[in-house]
>>> print(open('target_33.pdb').read())   # PDB, C-alpha atoms
ATOM      1  CA  MET A1031    -244.188  93.273 -11.700
ATOM      2  CA  PHE A1032    -244.460  95.620 -14.664
ATOM      3  CA  GLU A1033    -241.331  96.691 -16.449
ATOM      4  CA  ILE A1034    -241.017 100.402 -17.101
ATOM      5  CA  VAL A1035    -240.149 101.071 -20.733
ATOM      6  CA  ALA A1036    -238.442 104.273 -21.796
ATOM      7  CA  PRO A1037    -240.403 106.459 -24.275
ATOM      8  CA  GLY A1038    -237.855 105.906 -27.056
ATOM      9  CA  SER A1039    -238.054 102.158 -26.591
ATOM     10  CA  THR A1040    -241.834 102.334 -26.659
ATOM     11  CA  ILE A1041    -241.770 104.098 -30.014
ATOM     12  CA  ALA A1042    -239.352 101.522 -31.391
ATOM     13  CA  LEU A1043    -241.558  98.695 -30.105
ATOM     14  CA  VAL A1044    -244.645 100.240 -31.696
ATOM     15  CA  LEU A1045    -242.836 100.573 -35.011
ATOM     16  CA  VAL A1046    -241.709  96.950 -34.925
ATOM     17  CA  LEU A1047    -245.186  95.686 -34.045
ATOM     18  CA  SER A1048    -246.752  97.893 -36.726
ATOM     19  CA  SER A1049    -244.354  96.495 -39.305
ATOM     20  CA  LEU A1050    -245.170  92.921 -38.286
ATOM     21  CA  LEU A1051    -248.899  93.677 -38.390
ATOM     22  CA  LEU A1052    -248.551  95.166 -41.856
ATOM     23  CA  THR A1053    -246.643  92.107 -43.038
ATOM     24  CA  VAL A1054    -249.273  89.727 -41.688
ATOM     25  CA  THR A1055    -251.999  91.793 -43.335
ATOM     26  CA  LEU A1056    -250.258  91.722 -46.698
ATOM     27  CA  MET A1057    -249.690  87.985 -46.412
ATOM     28  CA  ASN A1058    -253.261  87.226 -45.303
ATOM     29  CA  PRO A1059    -254.532  84.450 -47.592
ATOM     30  CA  TYR A1060    -258.116  85.442 -46.804
ATOM     31  CA  SER A1061    -257.805  89.005 -48.097
ATOM     32  CA  LYS A1062    -259.978  89.820 -51.104
ATOM     33  CA  LYS A1063    -258.286  88.969 -54.395
ATOM     34  CA  TRP A1064    -259.050  90.312 -57.850
ATOM     35  CA  ASN A1065    -261.452  87.991 -59.674
ATOM     36  CA  PRO A1066    -261.870  88.394 -63.462
ATOM     37  CA  ARG A1067    -265.048  86.276 -63.643
ATOM     38  CA  GLY A1068    -267.614  88.137 -65.711
ATOM     39  CA  LEU A1069    -265.179  90.957 -66.512
ATOM     40  CA  HIS A1070    -263.992  91.971 -69.971
ATOM     41  CA  CYS A1071    -260.238  91.505 -70.327
ATOM     42  CA  TYR A1072    -258.413  92.862 -73.387
ATOM     43  CA  VAL A1073    -255.084  91.211 -74.260
ATOM     44  CA  THR A1074    -252.652  92.589 -76.832
ATOM     45  CA  GLY A1075    -250.145  90.162 -78.316
ATOM     46  CA  GLY A1076    -252.754  87.497 -77.640
ATOM     47  CA  SER A1077    -251.935  85.226 -80.580
ATOM     48  CA  ALA A1078    -248.881  83.555 -79.004
ATOM     49  CA  GLY A1079    -246.530  83.409 -76.026
ATOM     50  CA  LEU A1080    -247.377  85.230 -72.822
ATOM     51  CA  GLY A1081    -250.439  86.975 -74.282
ATOM     52  CA  LEU A1082    -252.068  83.702 -75.323
ATOM     53  CA  ALA A1083    -251.172  82.009 -72.017
ATOM     54  CA  LEU A1084    -252.813  84.878 -70.125
ATOM     55  CA  ALA A1085    -255.892  84.784 -72.354
ATOM     56  CA  VAL A1086    -256.328  81.081 -71.580
ATOM     57  CA  ILE A1087    -256.015  81.687 -67.813
ATOM     58  CA  LEU A1088    -258.548  84.515 -67.960
ATOM     59  CA  ALA A1089    -261.003  82.388 -69.956
ATOM     60  CA  LYS A1090    -260.609  79.568 -67.410
ATOM     61  CA  LYS A1091    -261.471  82.083 -64.698
ATOM     62  CA  GLY A1092    -264.727  82.944 -66.467
ATOM     63  CA  ALA A1093    -263.723  86.285 -68.027
ATOM     64  CA  HIS A1094    -264.838  87.696 -71.341
ATOM     65  CA  VAL A1095    -261.617  87.823 -73.378
ATOM     66  CA  SER A1096    -260.596  89.873 -76.408
ATOM     67  CA  ILE A1097    -257.236  89.058 -78.006
ATOM     68  CA  VAL A1098    -255.491  91.386 -80.446
ATOM     69  CA  ALA A1099    -252.540  90.766 -82.787
ATOM     70  CA  ARG A1100    -251.527  91.354 -86.396
ATOM     71  CA  ASP A1101    -251.481  87.841 -87.898
ATOM     72  CA  GLU A1102    -255.041  86.690 -88.652
ATOM     73  CA  GLU A1103    -254.112  83.012 -89.049
ATOM     74  CA  LYS A1104    -252.262  82.943 -85.719
ATOM     75  CA  LEU A1105    -255.222  84.714 -84.136
ATOM     76  CA  ARG A1106    -257.622  82.082 -85.490
ATOM     77  CA  ILE A1107    -255.552  79.271 -83.973
ATOM     78  CA  ALA A1108    -255.114  81.188 -80.712
ATOM     79  CA  LEU A1109    -258.843  81.824 -80.377
ATOM     80  CA  GLU A1110    -259.447  78.079 -80.707
ATOM     81  CA  GLU A1111    -257.150  77.577 -77.703
ATOM     82  CA  VAL A1112    -258.991  80.230 -75.726
ATOM     83  CA  GLU A1113    -262.325  78.625 -76.636
ATOM     84  CA  LYS A1114    -261.153  75.349 -75.109
ATOM     85  CA  ALA A1115    -260.885  77.181 -71.784
ATOM     86  CA  ARG A1116    -264.460  78.496 -71.954
ATOM     87  CA  GLN A1117    -266.364  77.995 -68.679
ATOM     88  CA  ASN A1118    -269.871  79.014 -69.704
ATOM     89  CA  PRO A1119    -271.836  79.862 -72.875
ATOM     90  CA  GLU A1120    -272.255  83.495 -71.807
ATOM     91  CA  GLN A1121    -268.539  84.257 -72.139
ATOM     92  CA  ILE A1122    -267.685  86.551 -75.060
ATOM     93  CA  LEU A1123    -264.396  85.388 -76.599
ATOM     94  CA  LYS A1124    -263.225  87.412 -79.608
ATOM     95  CA  SER A1125    -260.108  88.105 -81.682
ATOM     96  CA  TYR A1126    -259.151  91.260 -83.593
ATOM     97  CA  SER A1127    -256.426  91.774 -86.186
ATOM     98  CA  TYR A1128    -254.668  95.132 -85.833
ATOM     99  CA  SER A1129    -251.112  96.459 -85.900
ATOM    100  CA  LEU A1130    -250.855  98.431 -82.676
ATOM    101  CA  THR A1131    -247.710 100.445 -83.418
ATOM    102  CA  GLU A1132    -249.881 103.297 -84.729
ATOM    103  CA  ALA A1133    -252.012 105.374 -82.375
ATOM    104  CA  GLN A1134    -255.098 105.296 -84.587
ATOM    105  CA  ALA A1135    -254.921 101.526 -85.030
ATOM    106  CA  ALA A1136    -254.641 101.087 -81.260
ATOM    107  CA  GLU A1137    -257.723 103.259 -80.777
ATOM    108  CA  ASP A1138    -259.641 101.406 -83.517
ATOM    109  CA  ALA A1139    -258.770  97.987 -82.078
ATOM    110  CA  LEU A1140    -259.987  98.981 -78.628
ATOM    111  CA  LYS A1141    -263.187 100.438 -80.054
ATOM    112  CA  ALA A1142    -263.894  97.226 -81.991
ATOM    113  CA  ALA A1143    -263.406  95.136 -78.847
ATOM    114  CA  CYS A1144    -265.791  97.392 -76.905
ATOM    115  CA  GLU A1145    -268.698  96.944 -79.328
ATOM    116  CA  PRO A1146    -269.824  93.448 -78.168
ATOM    117  CA  HIS A1147    -269.906  94.862 -74.631
ATOM    118  CA  GLY A1148    -272.291  97.712 -75.259
ATOM    119  CA  GLY A1149    -269.482 100.042 -76.282
ATOM    120  CA  LYS A1150    -268.062 100.027 -72.754
ATOM    121  CA  ALA A1151    -264.331  99.946 -72.054
ATOM    122  CA  PRO A1152    -262.780  96.663 -70.879
ATOM    123  CA  ASP A1153    -262.427  96.133 -67.146
ATOM    124  CA  ALA A1154    -258.729  95.321 -67.576
ATOM    125  CA  ILE A1155    -256.162  95.520 -70.363
ATOM    126  CA  PHE A1156    -253.071  93.302 -70.562
ATOM    127  CA  LEU A1157    -250.380  94.864 -72.760
ATOM    128  CA  CYS A1158    -248.290  91.884 -73.887
ATOM    129  CA  ALA A1159    -247.583  92.878 -77.513
ATOM    130  CA  GLY A1160    -243.982  93.514 -78.482
ATOM    131  CA  THR A1161    -240.812  91.839 -79.619
ATOM    132  CA  ALA A1162    -237.038  92.218 -79.479
ATOM    133  CA  ARG A1163    -234.533  92.702 -82.288
ATOM    134  CA  LEU A1164    -231.127  92.636 -80.721
ATOM    135  CA  GLY A1165    -227.669  93.650 -81.865
ATOM    136  CA  TYR A1166    -224.671  95.852 -81.120
ATOM    137  CA  PHE A1167    -225.278  99.594 -80.845
ATOM    138  CA  VAL A1168    -222.599 100.300 -83.457
ATOM    139  CA  GLU A1169    -224.682  98.366 -86.007
ATOM    140  CA  GLN A1170    -227.869 100.347 -85.412
ATOM    141  CA  THR A1171    -229.388 103.078 -87.561
ATOM    142  CA  PRO A1172    -231.696 105.913 -86.520
ATOM    143  CA  GLU A1173    -234.508 103.867 -88.059
ATOM    144  CA  SER A1174    -233.738 100.713 -86.052
ATOM    145  CA  LEU A1175    -233.531 102.724 -82.814
ATOM    146  CA  GLN A1176    -236.931 104.265 -83.524
ATOM    147  CA  ASN A1177    -238.355 100.853 -84.437
ATOM    148  CA  GLY A1178    -237.132  99.463 -81.123
ATOM    149  CA  MET A1179    -239.230 102.053 -79.305
ATOM    150  CA  ASN A1180    -242.199 101.403 -81.604
ATOM    151  CA  ILE A1181    -242.343  97.650 -80.995
ATOM    152  CA  SER A1182    -241.526  97.687 -77.284
ATOM    153  CA  TYR A1183    -242.847 101.019 -75.937
ATOM    154  CA  TRP A1184    -245.289 102.815 -78.216
ATOM    155  CA  ILE A1185    -247.169  99.580 -78.954
ATOM    156  CA  SER A1186    -248.238  99.589 -75.289
ATOM    157  CA  ALA A1187    -248.337 103.340 -74.650
ATOM    158  CA  TYR A1188    -250.826 104.023 -77.463
ATOM    159  CA  THR A1189    -253.282 101.404 -76.177
ATOM    160  CA  ALA A1190    -252.874 102.625 -72.593
ATOM    161  CA  LEU A1191    -253.670 106.162 -73.756
ATOM    162  CA  ALA A1192    -256.787 105.122 -75.677
ATOM    163  CA  TYR A1193    -257.974 103.039 -72.716
ATOM    164  CA  THR A1194    -257.365 105.755 -70.130
ATOM    165  CA  LYS A1195    -259.390 108.254 -72.156
ATOM    166  CA  ARG A1196    -262.273 105.783 -72.308
ATOM    167  CA  ILE A1197    -262.426 104.914 -68.617
ATOM    168  CA  VAL A1198    -262.188 108.582 -67.631
ATOM    169  CA  GLN A1199    -265.024 109.528 -69.986
ATOM    170  CA  GLU A1200    -267.120 106.603 -68.774
ATOM    171  CA  LYS A1201    -266.257 107.299 -65.119
ATOM    172  CA  LYS A1202    -265.407 103.616 -64.847
ATOM    173  CA  PRO A1203    -262.558 102.185 -62.732
ATOM    174  CA  GLY A1204    -260.047 100.344 -64.887
ATOM    175  CA  LYS A1205    -256.936  98.223 -64.666
ATOM    176  CA  ILE A1206    -253.809  98.459 -66.846
ATOM    177  CA  ILE A1207    -251.197  95.720 -66.846
ATOM    178  CA  PHE A1208    -247.925  96.504 -68.629
ATOM    179  CA  VAL A1209    -245.309  93.884 -69.500
ATOM    180  CA  SER A1210    -241.744  95.138 -69.273
ATOM    181  CA  SER A1211    -238.771  92.811 -68.746
ATOM    182  CA  VAL A1212    -235.999  92.238 -66.230
ATOM    183  CA  MET A1213    -234.143  94.367 -68.805
ATOM    184  CA  GLY A1214    -236.305  97.207 -67.506
ATOM    185  CA  TYR A1215    -234.326  96.980 -64.248
ATOM    186  CA  MET A1216    -230.827  96.656 -65.700
ATOM    187  CA  SER A1217    -229.147  95.795 -69.003
ATOM    188  CA  PHE A1218    -225.993  94.628 -70.749
ATOM    189  CA  VAL A1219    -224.461  94.319 -74.223
ATOM    190  CA  GLY A1220    -226.858  93.481 -77.046
ATOM    191  CA  TYR A1221    -230.033  95.104 -75.733
ATOM    192  CA  THR A1222    -229.620  98.677 -77.014
ATOM    193  CA  THR A1223    -232.855  98.655 -79.070
ATOM    194  CA  TYR A1224    -234.890  96.820 -76.422
ATOM    195  CA  SER A1225    -233.880  97.725 -72.877
ATOM    196  CA  PRO A1226    -234.435 101.510 -73.237
ATOM    197  CA  ALA A1227    -238.059 100.873 -74.240
ATOM    198  CA  LYS A1228    -238.600  98.534 -71.287
ATOM    199  CA  HIS A1229    -237.149 101.141 -68.917
ATOM    200  CA  ALA A1230    -239.513 103.670 -70.493
ATOM    201  CA  LEU A1231    -242.484 101.394 -69.795
ATOM    202  CA  ARG A1232    -241.504 101.367 -66.138
ATOM    203  CA  GLY A1233    -241.479 105.163 -66.127
ATOM    204  CA  LEU A1234    -244.917 105.261 -67.734
ATOM    205  CA  ALA A1235    -246.328 102.716 -65.285
ATOM    206  CA  GLU A1236    -244.859 104.547 -62.268
ATOM    207  CA  THR A1237    -246.493 107.775 -63.431
ATOM    208  CA  LEU A1238    -249.859 106.235 -64.286
ATOM    209  CA  ARG A1239    -250.005 104.358 -60.983
ATOM    210  CA  SER A1240    -250.086 107.779 -59.316
ATOM    211  CA  GLU A1241    -252.295 109.578 -61.833
ATOM    212  CA  LEU A1242    -254.934 106.866 -62.156
ATOM    213  CA  LEU A1243    -255.607 107.030 -58.427
ATOM    214  CA  LEU A1244    -257.684 110.055 -59.459
ATOM    215  CA  TYR A1245    -260.037 107.651 -61.246
ATOM    216  CA  LYS A1246    -259.992 104.759 -58.727
ATOM    217  CA  SER A1247    -258.051 102.717 -61.270
ATOM    218  CA  SER A1248    -254.999 100.505 -60.799
ATOM    219  CA  VAL A1249    -251.779  99.854 -62.696
ATOM    220  CA  HIS A1250    -249.443  96.858 -62.613
ATOM    221  CA  ILE A1251    -246.225  96.103 -64.476
ATOM    222  CA  CYS A1252    -244.526  92.737 -64.897
ATOM    223  CA  PHE A1253    -240.770  92.202 -65.264
ATOM    224  CA  PRO A1254    -240.268  88.635 -66.542
ATOM    225  CA  CYS A1255    -236.894  87.089 -67.270
ATOM    226  CA  THR A1256    -236.375  84.910 -70.364
ATOM    227  CA  ILE A1257    -239.649  83.530 -71.730
ATOM    228  CA  TYR A1258    -239.337  80.473 -73.960
ATOM    229  CA  SER A1259    -241.798  81.702 -76.582
ATOM    230  CA  PRO A1260    -241.813  82.063 -80.396
ATOM    231  CA  GLY A1261    -240.503  85.607 -79.864
ATOM    232  CA  TYR A1262    -237.491  84.255 -77.978
ATOM    233  CA  ILE A1263    -236.581  82.033 -80.950
ATOM    234  CA  GLU A1264    -236.740  85.067 -83.256
ATOM    235  CA  GLU A1265    -234.658  87.332 -81.016
ATOM    236  CA  ASN A1266    -231.917  84.708 -80.757
ATOM    237  CA  LYS A1267    -231.440  84.939 -84.529
ATOM    238  CA  THR A1268    -229.932  88.426 -84.170
ATOM    239  CA  LYS A1269    -228.608  88.153 -80.608
ATOM    240  CA  PRO A1270    -224.827  88.806 -80.433
ATOM    241  CA  PRO A1271    -222.654  85.827 -79.392
ATOM    242  CA  ILE A1272    -221.455  87.665 -76.281
ATOM    243  CA  THR A1273    -225.067  88.159 -75.197
ATOM    244  CA  LEU A1274    -225.765  84.474 -75.657
ATOM    245  CA  LYS A1275    -222.653  83.732 -73.581
ATOM    246  CA  ILE A1276    -223.822  85.911 -70.695
ATOM    247  CA  GLU A1277    -227.271  84.318 -70.782
ATOM    248  CA  GLU A1278    -226.170  80.686 -71.091
ATOM    249  CA  THR A1279    -226.942  79.960 -67.410
ATOM    250  CA  ASP A1280    -230.407  81.544 -67.605
ATOM    251  CA  ASP A1281    -233.020  78.851 -66.941
ATOM    252  CA  GLY A1282    -235.921  80.884 -68.286
ATOM    253  CA  GLN A1283    -239.641  80.166 -67.938
ATOM    254  CA  THR A1284    -242.460  79.029 -70.184
ATOM    255  CA  PRO A1285    -245.194  81.513 -71.159
ATOM    256  CA  GLU A1286    -247.580  79.560 -68.938
ATOM    257  CA  GLN A1287    -245.298  79.900 -65.897
ATOM    258  CA  VAL A1288    -244.928  83.639 -66.409
ATOM    259  CA  ALA A1289    -248.674  84.045 -67.004
ATOM    260  CA  GLU A1290    -249.444  82.226 -63.739
ATOM    261  CA  GLY A1291    -246.974  84.409 -61.841
ATOM    262  CA  LEU A1292    -248.343  87.567 -63.410
ATOM    263  CA  PHE A1293    -251.917  86.597 -62.604
ATOM    264  CA  ARG A1294    -251.008  85.860 -58.966
ATOM    265  CA  GLY A1295    -249.298  89.237 -58.704
ATOM    266  CA  ILE A1296    -252.412  91.012 -59.950
ATOM    267  CA  GLN A1297    -254.617  89.046 -57.555
ATOM    268  CA  ASN A1298    -252.346  90.074 -54.692
ATOM    269  CA  GLY A1299    -252.474  93.713 -55.752
ATOM    270  CA  ASN A1300    -248.737  93.959 -56.452
ATOM    271  CA  PHE A1301    -247.592  96.923 -58.541
ATOM    272  CA  HIS A1302    -244.205  95.557 -59.658
ATOM    273  CA  ILE A1303    -244.626  91.868 -60.464
ATOM    274  CA  THR A1304    -241.723  89.461 -60.890
ATOM    275  CA  THR A1305    -242.124  85.773 -61.655
ATOM    276  CA  ALA A1306    -238.643  84.391 -60.894
ATOM    277  CA  LEU A1307    -236.116  84.691 -58.073
ATOM    278  CA  VAL A1308    -233.641  86.683 -60.188
ATOM    279  CA  GLY A1309    -236.354  89.159 -61.109
ATOM    280  CA  SER A1310    -237.339  89.597 -57.452
ATOM    281  CA  ILE A1311    -233.720  90.305 -56.477
ATOM    282  CA  PHE A1312    -233.400  92.996 -59.165
ATOM    283  CA  ARG A1313    -236.815  94.394 -58.206
ATOM    284  CA  CYS A1314    -235.840  94.868 -54.576
ATOM    285  CA  SER A1315    -232.399  96.228 -55.478
ATOM    286  CA  THR A1316    -233.790  98.996 -57.702
ATOM    287  CA  ARG A1317    -237.114  99.635 -55.984
ATOM    288  CA  GLY A1318    -236.929 103.394 -55.554
ATOM    289  CA  ALA A1319    -240.305 104.598 -54.248
ATOM    290  CA  THR A1320    -242.153 101.562 -55.628
ATOM    291  CA  PRO A1321    -244.495  99.952 -53.060
ATOM    292  CA  ARG A1322    -243.186  96.747 -51.490
ATOM    293  CA  ASN A1323    -244.921  93.463 -52.245
ATOM    294  CA  ASN A1324    -243.948  91.951 -48.877
ATOM    295  CA  PRO A1325    -241.843  94.028 -46.465
ATOM    296  CA  LEU A1326    -239.943  91.145 -44.863
ATOM    297  CA  LEU A1327    -239.403  89.040 -47.986
ATOM    298  CA  ASP A1328    -238.443  92.081 -50.037
ATOM    299  CA  ALA A1329    -235.855  92.979 -47.387
ATOM    300  CA  VAL A1330    -234.316  89.526 -47.846
ATOM    301  CA  TYR A1331    -234.277  89.913 -51.629
ATOM    302  CA  GLY A1332    -232.670  93.330 -51.218
ATOM    303  CA  LEU A1333    -229.945  91.922 -48.973
ATOM    304  CA  ILE A1334    -229.197  89.149 -51.473
ATOM    305  CA  GLY A1335    -228.956  91.755 -54.225
ATOM    306  CA  HIS A1336    -226.731  94.020 -52.153
ATOM    307  CA  ILE A1337    -224.221  91.185 -51.802
ATOM    308  CA  GLY A1338    -224.693  89.236 -55.018
ATOM    309  CA  LEU A1339    -225.355  91.764 -57.780
ATOM    310  CA  PRO A1340    -221.955  93.525 -57.617
ATOM    311  CA  ILE A1341    -220.326  90.093 -57.993
ATOM    312  CA  TRP A1342    -222.608  89.269 -60.930
ATOM    313  CA  ARG A1343    -221.871  92.609 -62.595
ATOM    314  CA  ARG A1344    -218.097  92.107 -62.316
ATOM    315  CA  SER A1345    -218.531  88.682 -63.904
ATOM    316  CA  VAL A1346    -220.513  90.155 -66.802
ATOM    317  CA  ASP A1347    -217.927  92.899 -67.344
ATOM    318  CA  ALA A1348    -215.117  90.326 -67.334
ATOM    319  CA  THR A1349    -216.957  88.233 -69.929
ATOM    320  CA  VAL A1350    -217.434  91.272 -72.174
ATOM    321  CA  LYS A1351    -213.774  92.309 -71.918
ATOM    322  CA  ALA A1352    -212.645  88.774 -72.783
ATOM    323  CA  HIS A1353    -214.691  89.033 -75.980
ATOM    324  CA  ARG A1354    -212.874  92.109 -77.361
ATOM    325  CA  GLU A1355    -210.677  90.264 -79.879
ATOM    326  CA  ASP A1356    -213.557  88.193 -81.253
ATOM    327  CA  HIS A1357    -215.645  91.342 -81.474
ATOM    328  CA  GLN A1358    -212.989  93.096 -83.562
ATOM    329  CA  LYS A1359    -213.038  90.147 -85.978
ATOM    330  CA  TYR A1360    -216.826  90.341 -86.109
ATOM    331  CA  LEU A1361    -216.747  94.060 -86.932
ATOM    332  CA  ARG A1362    -214.200  93.482 -89.706
ATOM    333  CA  GLY A1363    -216.346  90.702 -91.094
ATOM    334  CA  ARG A1364    -219.330  93.047 -91.168
ATOM    335  CA  GLY A1365    -217.326  95.774 -92.901
ATOM    336  CA  ILE A1366    -217.650  98.153 -89.946
ATOM    337  CA  LEU A1367    -213.870  98.063 -89.402
ATOM    338  CA  THR A1368    -211.330  97.973 -92.208
TER     339      THR A1368
END
>>> encode(input="target_33.pdb", output="structure tokens")
Amino acid sequence: MFEIVAPGSTIALVLVLSSLLLTVTLMNPYSKKWNPRGLHCYVTGGSAGLGLALAVILAKKGAHVSIVARDEEKLRIALEEVEKARQNPEQILKSYSYSLTEAQAAEDALKAACEPHGGKAPDAIFLCAGTARLGYFVEQTPESLQNGMNISYWISAYTALAYTKRIVQEKKPGKIIFVSSVMGYMSFVGYTTYSPAKHALRGLAETLRSELLLYKSSVHICFPCTIYSPGYIEENKTKPPITLKIEETDDGQTPEQVAEGLFRGIQNGNFHITTALVGSIFRCSTRGATPRNNPLLDAVYGLIGHIGLPIWRRSVDATVKAHREDHQKYLRGRGILT
């Protein structure tokens, strides 16, 4: 006997089956993954932390790797680490010393890295350069606010602009990988010179993901949580006590762990890439029109966020309010209050 199904039920069944089929397709381990072997990969901030960890992974995968940073001595040591990952004598592994917070320097650095490759643009750029200098908003100056954008937004935007112009002129598909932060999804006290820039990077990546479809090029953006890198040690020197208190339960990840997660996300074709559970929950709770990485799993993350994030936010607010008296003492000690 055949059961007669009402038209509305048929439509619902088709939608469910289509969703399941899409999920299986996205989770298919045999689908073609991005392979950097033989490609030229350009990594900013490549002298330490996440940038260096990524450069090592790319070299192990057989890519030609160019690393860029300001400090020549750190670059020399970093290039030695990348060389240890060399897979064949044909790989071109180079380092370049430039400060990328100026548009011309970003253009010059990219041009220099193109020269060993016949003047052609890299196949992929990884924009890892940047740092954080934290503090209370009331302590900031117009100059420190501008500097926050320079070292966390413009340092990536200038290179992305120079690269986009090159691939369009060369009619060559490209790949841009931005590195934001979980602070590009949300924020709290202490991150006034950092979080706005990371939110801005998300806006730039969202726009370029759409625009670069015109050139058969792809864009990705990573939102890591705490990375235990040299930059993390520096940012903790100016991090307010209340910020440290809020973050005291944060497990964090090593640069190598984040680099592995980022690389997997690129291989899987994910646009928004998160490397820790907390990041995935925030990603799915503030997704907007961003493509899903996995429809079913993202729905679970979204449900967890729907229940858990309001509780977390109330806890953060309570911690901040409890710090009011200590904060007044701090402001008096700094001469901001008399």
>>> resolve_selection(input="target_33.pdb", expression="the PyMOL selection byres ((chain A and resi 1275) around 12)", output="ChimeraX atom specification")
/A:1218-1220,1266,1269-1274,1276-1280,1345-1346,1348-1350,1352-1353
>>> atom_distance(input="target_33.pdb", atom1="CA of Lys1228 (chain A)", atom2="CA of Ser1210 (chain A)")
5.0 Å
>>> residues_near_point(input="target_33.pdb", point="(-240.6, 103.3, -85.2)", cutoff="12 Å", atoms="only C-alpha atoms", output="JSON, numbers by chain")
{"A": [1130, 1131, 1132, 1133, 1171, 1172, 1173, 1174, 1175, 1176, 1177, 1178, 1179, 1180, 1181, 1182, 1183, 1184, 1185, 1223, 1227]}
>>> write_last_selection(input="target_33.pdb", atoms="C-alpha atoms", output="mmCIF file, keeping the file's coordinate frame")
data_model
loop_
_atom_site.group_PDB
_atom_site.id
_atom_site.type_symbol
_atom_site.label_atom_id
_atom_site.label_comp_id
_atom_site.auth_asym_id
_atom_site.auth_seq_id
_atom_site.Cartn_x
_atom_site.Cartn_y
_atom_site.Cartn_z
ATOM 1 C CA LEU A 1130 -250.855 98.431 -82.676
ATOM 2 C CA THR A 1131 -247.710 100.445 -83.418
ATOM 3 C CA GLU A 1132 -249.881 103.297 -84.729
ATOM 4 C CA ALA A 1133 -252.012 105.374 -82.375
ATOM 5 C CA THR A 1171 -229.388 103.078 -87.561
ATOM 6 C CA PRO A 1172 -231.696 105.913 -86.520
ATOM 7 C CA GLU A 1173 -234.508 103.867 -88.059
ATOM 8 C CA SER A 1174 -233.738 100.713 -86.052
ATOM 9 C CA LEU A 1175 -233.531 102.724 -82.814
ATOM 10 C CA GLN A 1176 -236.931 104.265 -83.524
ATOM 11 C CA ASN A 1177 -238.355 100.853 -84.437
ATOM 12 C CA GLY A 1178 -237.132 99.463 -81.123
ATOM 13 C CA MET A 1179 -239.230 102.053 -79.305
ATOM 14 C CA ASN A 1180 -242.199 101.403 -81.604
ATOM 15 C CA ILE A 1181 -242.343 97.650 -80.995
ATOM 16 C CA SER A 1182 -241.526 97.687 -77.284
ATOM 17 C CA TYR A 1183 -242.847 101.019 -75.937
ATOM 18 C CA TRP A 1184 -245.289 102.815 -78.216
ATOM 19 C CA ILE A 1185 -247.169 99.580 -78.954
ATOM 20 C CA THR A 1223 -232.855 98.655 -79.070
ATOM 21 C CA ALA A 1227 -238.059 100.873 -74.240
#
>>> atom_distance(input="target_33.pdb", atom1="CA of Gly1299 (chain A)", atom2="CA of Tyr1245 (chain A)")
16.8 Å
>>> closest_residue(input="target_33.pdb", among="A:Ser1186, A:Asn1323, A:Gln1134, A:Ser1240", to="Gln1297 (chain A)", atoms="all atoms listed in the file")
A:Asn1323
>>> resolve_selection(input="target_33.pdb", expression="the PyMOL selection byres ((chain A and resi 1098-1100) around 7)", output="tab-separated table (two decimals) with C-alpha atoms, in the frame of the given file")
chain	number	residue	atom	x	y	z
A	1073	VAL	CA	-255.08	91.21	-74.26
A	1074	THR	CA	-252.65	92.59	-76.83
A	1075	GLY	CA	-250.14	90.16	-78.32
A	1076	GLY	CA	-252.75	87.50	-77.64
A	1077	SER	CA	-251.94	85.23	-80.58
A	1096	SER	CA	-260.60	89.87	-76.41
A	1097	ILE	CA	-257.24	89.06	-78.01
A	1101	ASP	CA	-251.48	87.84	-87.90
A	1102	GLU	CA	-255.04	86.69	-88.65
A	1105	LEU	CA	-255.22	84.71	-84.14
A	1125	SER	CA	-260.11	88.10	-81.68
A	1126	TYR	CA	-259.15	91.26	-83.59
A	1127	SER	CA	-256.43	91.77	-86.19
A	1128	TYR	CA	-254.67	95.13	-85.83
A	1129	SER	CA	-251.11	96.46	-85.90
>>> residues_around(input="target_33.pdb", residues="region 1312-1319 of chain A", least_positions_apart="4", cutoff="10 Å", atoms="only C-alpha atoms", output="PyMOL selection string")
chain A and resi 1212-1216+1236+1253+1302-1304+1307-1308+1323+1327-1336+1339
>>> write_last_selection(input="target_33.pdb", atoms="C-alpha atoms", output="short mmCIF file (atom, residue, chain, number, x, y, z; two decimals), in the coordinates of the input")
data_model
loop_
_atom_site.label_atom_id
_atom_site.label_comp_id
_atom_site.auth_asym_id
_atom_site.auth_seq_id
_atom_site.Cartn_x
_atom_site.Cartn_y
_atom_site.Cartn_z
CA VAL A 1212 -236.00 92.24 -66.23
CA MET A 1213 -234.14 94.37 -68.81
CA GLY A 1214 -236.30 97.21 -67.51
CA TYR A 1215 -234.33 96.98 -64.25
CA MET A 1216 -230.83 96.66 -65.70
CA GLU A 1236 -244.86 104.55 -62.27
CA PHE A 1253 -240.77 92.20 -65.26
CA HIS A 1302 -244.20 95.56 -59.66
CA ILE A 1303 -244.63 91.87 -60.46
CA THR A 1304 -241.72 89.46 -60.89
CA LEU A 1307 -236.12 84.69 -58.07
CA VAL A 1308 -233.64 86.68 -60.19
CA ASN A 1323 -244.92 93.46 -52.24
CA LEU A 1327 -239.40 89.04 -47.99
CA ASP A 1328 -238.44 92.08 -50.04
CA ALA A 1329 -235.86 92.98 -47.39
CA VAL A 1330 -234.32 89.53 -47.85
CA TYR A 1331 -234.28 89.91 -51.63
CA GLY A 1332 -232.67 93.33 -51.22
CA LEU A 1333 -229.94 91.92 -48.97
CA ILE A 1334 -229.20 89.15 -51.47
CA GLY A 1335 -228.96 91.76 -54.22
CA HIS A 1336 -226.73 94.02 -52.15
CA LEU A 1339 -225.36 91.76 -57.78
#
>>> atom_distance(input="target_33.pdb", atom1="CA of Asn1300 (chain A)", atom2="CA of Ile1257 (chain A)")
20.6 Å
>>> resolve_selection(input="target_33.pdb", expression="the PyMOL selection byres ((chain A and resi 1078-1093) around 10)", output="PyMOL selection string")
chain A and resi 1065-1077+1094-1099+1104-1105+1107-1109+1111-1118+1120-1123+1153+1156-1159+1209+1257-1262+1284-1290+1292-1293
